[in-house]
Number of protein chains: 2
Amino acid sequence: MNSIRVPVVEKILSANDQLAHQNRSFLKSKGVFSINIMASPGAGKTSFILQTIQGLKNRMNVGVIEGDTAAVTIDADKISEVGIPAVQINTGGDCHLDAVMVAGGMQQLPLENLDLMIIENVGNLVCPAAFDLGTDINILIASVPEGDDKPYKYPNIYRGIQCLVLNKTDLLPYVDFNLEYFKQGIRILNPGVDILPLSSKTGEGMDAWLAWLCKRINEKKHAQK
Amino acid sequence: MNSIRVPVVEKILSANDQLAHQNRSFLKSKGVFSINIMASPGAGKTSFILQTIQGLKNRMNVGVIEGDTAAVTIDADKISEVGIPAVQINTGGDCHLDAVMVAGGMQQLPLENLDLMIIENVGNLVCPAAFDLGTDINILIASVPEGDDKPYKYPNIYRGIQCLVLNKTDLLPYVDFNLEYFKQGIRILNPGVDILPLSSKTGEGMDAWLAWLCKRINEKKHAQK
């Protein structure tokens, strides 16, 4: 069974990488900075995106692609309600977005008018790690109630990210979470990654995240000049 | 690409179903009741299993199979520390256990002496839903901080279960969670499923779960007589 399965998986990844490269070039030509947000289900991705949109208001135009395994529009509706263009992608049961899905979703966004495109991947700590979407940066949102051992158990998804957001810090008083143990696990896998603890609920720590993001966006703009 | 991919996935599932059937027959011949526990990462599967073991102490012999995507033994070590036989399966990056892995794991457990085998699946709300492991029952652990919208977003995993454990009820005062909205989402997908709110941390609600489990075990014993 493995002898059939492995080559097919490799073929999918290779095609995905080519399409991710195309997405990256296309977004660059439109001057749109892009983020792929990955996380476990319920880590607070949509709330975090809403807070980010709020924080960037009057500073830049944002568009959002929402990935879900089912044909629901719960998350895209929340984004649209605050007046931001949002596209919902139904993966048809697949456990991750891929570059083809994102290419299709991008076409439905007004890219000419956007500065930033945020992609909310399917809630999953395994599958999304293997699929480059063509974004400028990949970030992972971990959340305090998930526990401090996740870097040790889901190492792959911690490897390809530029920023680790630790969400729901408002729950730290109520759960057992050893921040040092958590950070140590990440440092082993990805020594250079920035770790930003915050709470989308209370807003604490959001300023540091917005500063981090704006710095990356400006760096890219200057590099292109 | 799809024309290559779909038949291969079907072939894997069909072989898996055959092996799951073999696992089921084998466990029946040994008189071992079995549970497949699925959940999102960090929903508290291992703590729940530890509490279950503690609650069943002196009543039956338990063995545990722990599934993880990485070569870690964090969870199996926690189980072994309380004197319970535990086997760790590394899926090699796969987002779920399958019947072959479980068949291999079972051979390392002292089934002759066991009454109950608990399988902790990989933390994932998508992939495990598609793979029957051959257990008597499948349960899903949702947790309060994940949010009340998960049945709507990850419907497949809610369909094939006999019991839904809602863990971390001790965090209800600190997060926004509408229990009725959550239950309503489950009832649409799986009208007959039992929903048991509890906290592995405080122990509240564990008695109802243990009673539920022992009832299923006894029912099976009587059906086999």
# chains A, B, ... in the order shown; residues from 1 in each chain; ligands from 1
>>> interface_residues(of="chain A", to="chain B", cutoff="8 Å", atoms="only C-alpha atoms", output="PyMOL selection string")
chain A and resi 1+4-5+8+12+40-44+68-70+72+93-95+124-127+145-147+150+152-155+171+174
>>> write_last_selection(atoms="C-alpha atoms", output="PDB file, in the first residue's frame")
ATOM      1  CA  MET A   1       0.000   0.000   0.000  1.00  0.00           C
ATOM      2  CA  ILE A   4       1.378   3.251  -4.185  1.00  0.00           C
ATOM      3  CA  ARG A   5       0.655   5.956  -1.698  1.00  0.00           C
ATOM      4  CA  VAL A   8       1.103  10.179  -5.256  1.00  0.00           C
ATOM      5  CA  ILE A  12       0.515  16.494  -5.151  1.00  0.00           C
ATOM      6  CA  SER A  40      -5.682  23.939  16.227  1.00  0.00           C
ATOM      7  CA  PRO A  41      -9.510  24.100  16.121  1.00  0.00           C
ATOM      8  CA  GLY A  42     -10.701  26.674  18.638  1.00  0.00           C
ATOM      9  CA  ALA A  43      -7.366  28.446  19.201  1.00  0.00           C
ATOM     10  CA  GLY A  44      -9.134  31.711  18.367  1.00  0.00           C
ATOM     11  CA  ASP A  68     -13.280  25.258   6.490  1.00  0.00           C
ATOM     12  CA  THR A  69     -13.841  21.550   5.944  1.00  0.00           C
ATOM     13  CA  ALA A  70     -17.608  22.002   5.808  1.00  0.00           C
ATOM     14  CA  VAL A  72     -20.405  26.812   6.462  1.00  0.00           C
ATOM     15  CA  GLY A  93     -13.522  17.422   3.924  1.00  0.00           C
ATOM     16  CA  ASP A  94      -9.792  17.984   3.316  1.00  0.00           C
ATOM     17  CA  CYS A  95      -7.805  18.799   6.447  1.00  0.00           C
ATOM     18  CA  ASN A 124      -5.472  21.431  12.253  1.00  0.00           C
ATOM     19  CA  LEU A 125      -1.940  20.975  13.630  1.00  0.00           C
ATOM     20  CA  VAL A 126      -0.833  18.320  11.147  1.00  0.00           C
ATOM     21  CA  CYS A 127      -1.933  18.676   7.509  1.00  0.00           C
ATOM     22  CA  PRO A 145      -5.821  25.923  27.285  1.00  0.00           C
ATOM     23  CA  GLU A 146      -4.361  23.558  24.634  1.00  0.00           C
ATOM     24  CA  GLY A 147      -1.417  22.952  26.955  1.00  0.00           C
ATOM     25  CA  LYS A 150       2.081  20.930  21.801  1.00  0.00           C
ATOM     26  CA  TYR A 152       6.747  18.436  21.365  1.00  0.00           C
ATOM     27  CA  LYS A 153       3.742  16.582  19.928  1.00  0.00           C
ATOM     28  CA  TYR A 154       3.150  18.463  16.651  1.00  0.00           C
ATOM     29  CA  PRO A 155       6.706  19.525  15.738  1.00  0.00           C
ATOM     30  CA  LEU A 171      -6.825  31.998  30.866  1.00  0.00           C
ATOM     31  CA  TYR A 174      -7.029  29.065  35.470  1.00  0.00           C
TER      32      TYR A 174
END
>>> residues_around(residues="Leu116 in chain B", least_positions_apart="6", cutoff="6 Å", atoms="only C-alpha atoms", output="mmCIF file with C-alpha atoms, in the first residue's frame")
data_model
loop_
_atom_site.group_PDB
_atom_site.id
_atom_site.type_symbol
_atom_site.label_atom_id
_atom_site.label_comp_id
_atom_site.auth_asym_id
_atom_site.auth_seq_id
_atom_site.Cartn_x
_atom_site.Cartn_y
_atom_site.Cartn_z
ATOM 1 C CA VAL B 32 -11.681 -6.920 25.644
ATOM 2 C CA PHE B 33 -13.985 -3.896 25.316
ATOM 3 C CA SER B 34 -12.405 -1.077 23.305
ATOM 4 C CA VAL B 62 -7.106 -1.322 31.435
#
>>> atom_distance(atom1="CA of Ser199 in chain B", atom2="CA of Asn167 in chain B")
5.2 Å
>>> atom_distance(atom1="CA of Gln108 in chain B", atom2="CA of Met60 in chain B")
18.9 Å
>>> select_by_dssp(residues="range 84-123 of chain A", states="strand (DSSP E)", output="ChimeraX atom specification")
/A:86-90,116-120
>>> write_last_selection(atoms="N, CA and C atoms", output="tab-separated table (two decimals), in the first residue's frame")
chain	number	residue	atom	x	y	z
A	86	ALA	N	-14.46	39.12	2.36
A	86	ALA	CA	-14.09	37.79	2.85
A	86	ALA	C	-14.61	36.72	1.90
A	87	VAL	N	-13.80	35.72	1.66
A	87	VAL	CA	-14.18	34.59	0.81
A	87	VAL	C	-14.11	33.33	1.65
A	88	GLN	N	-15.13	32.49	1.55
A	88	GLN	CA	-15.12	31.23	2.28
A	88	GLN	C	-14.76	30.10	1.32
A	89	ILE	N	-13.76	29.30	1.69
A	89	ILE	CA	-13.43	28.12	0.89
A	89	ILE	C	-13.83	26.87	1.66
A	90	ASN	N	-14.60	26.02	1.01
A	90	ASN	CA	-14.96	24.73	1.59
A	90	ASN	C	-14.01	23.69	1.01
A	116	LEU	N	-3.21	43.93	2.39
A	116	LEU	CA	-2.94	42.73	3.19
A	116	LEU	C	-4.03	41.68	2.94
A	117	MET	N	-3.59	40.44	2.69
A	117	MET	CA	-4.55	39.33	2.58
A	117	MET	C	-4.24	38.32	3.69
A	118	ILE	N	-5.25	38.05	4.49
A	118	ILE	CA	-5.08	37.09	5.59
A	118	ILE	C	-5.82	35.81	5.23
A	119	ILE	N	-5.13	34.69	5.36
A	119	ILE	CA	-5.76	33.38	5.11
A	119	ILE	C	-5.91	32.64	6.42
A	120	GLU	N	-7.14	32.27	6.75
A	120	GLU	CA	-7.36	31.41	7.92
A	120	GLU	C	-7.45	29.98	7.44
>>> select_by_dssp(residues="range 7-144 of chain B", states="helix (DSSP H, G or I)", output="ChimeraX atom specification")
/B:7-30,45-56,74-81,99-106,111-113,127-130,144
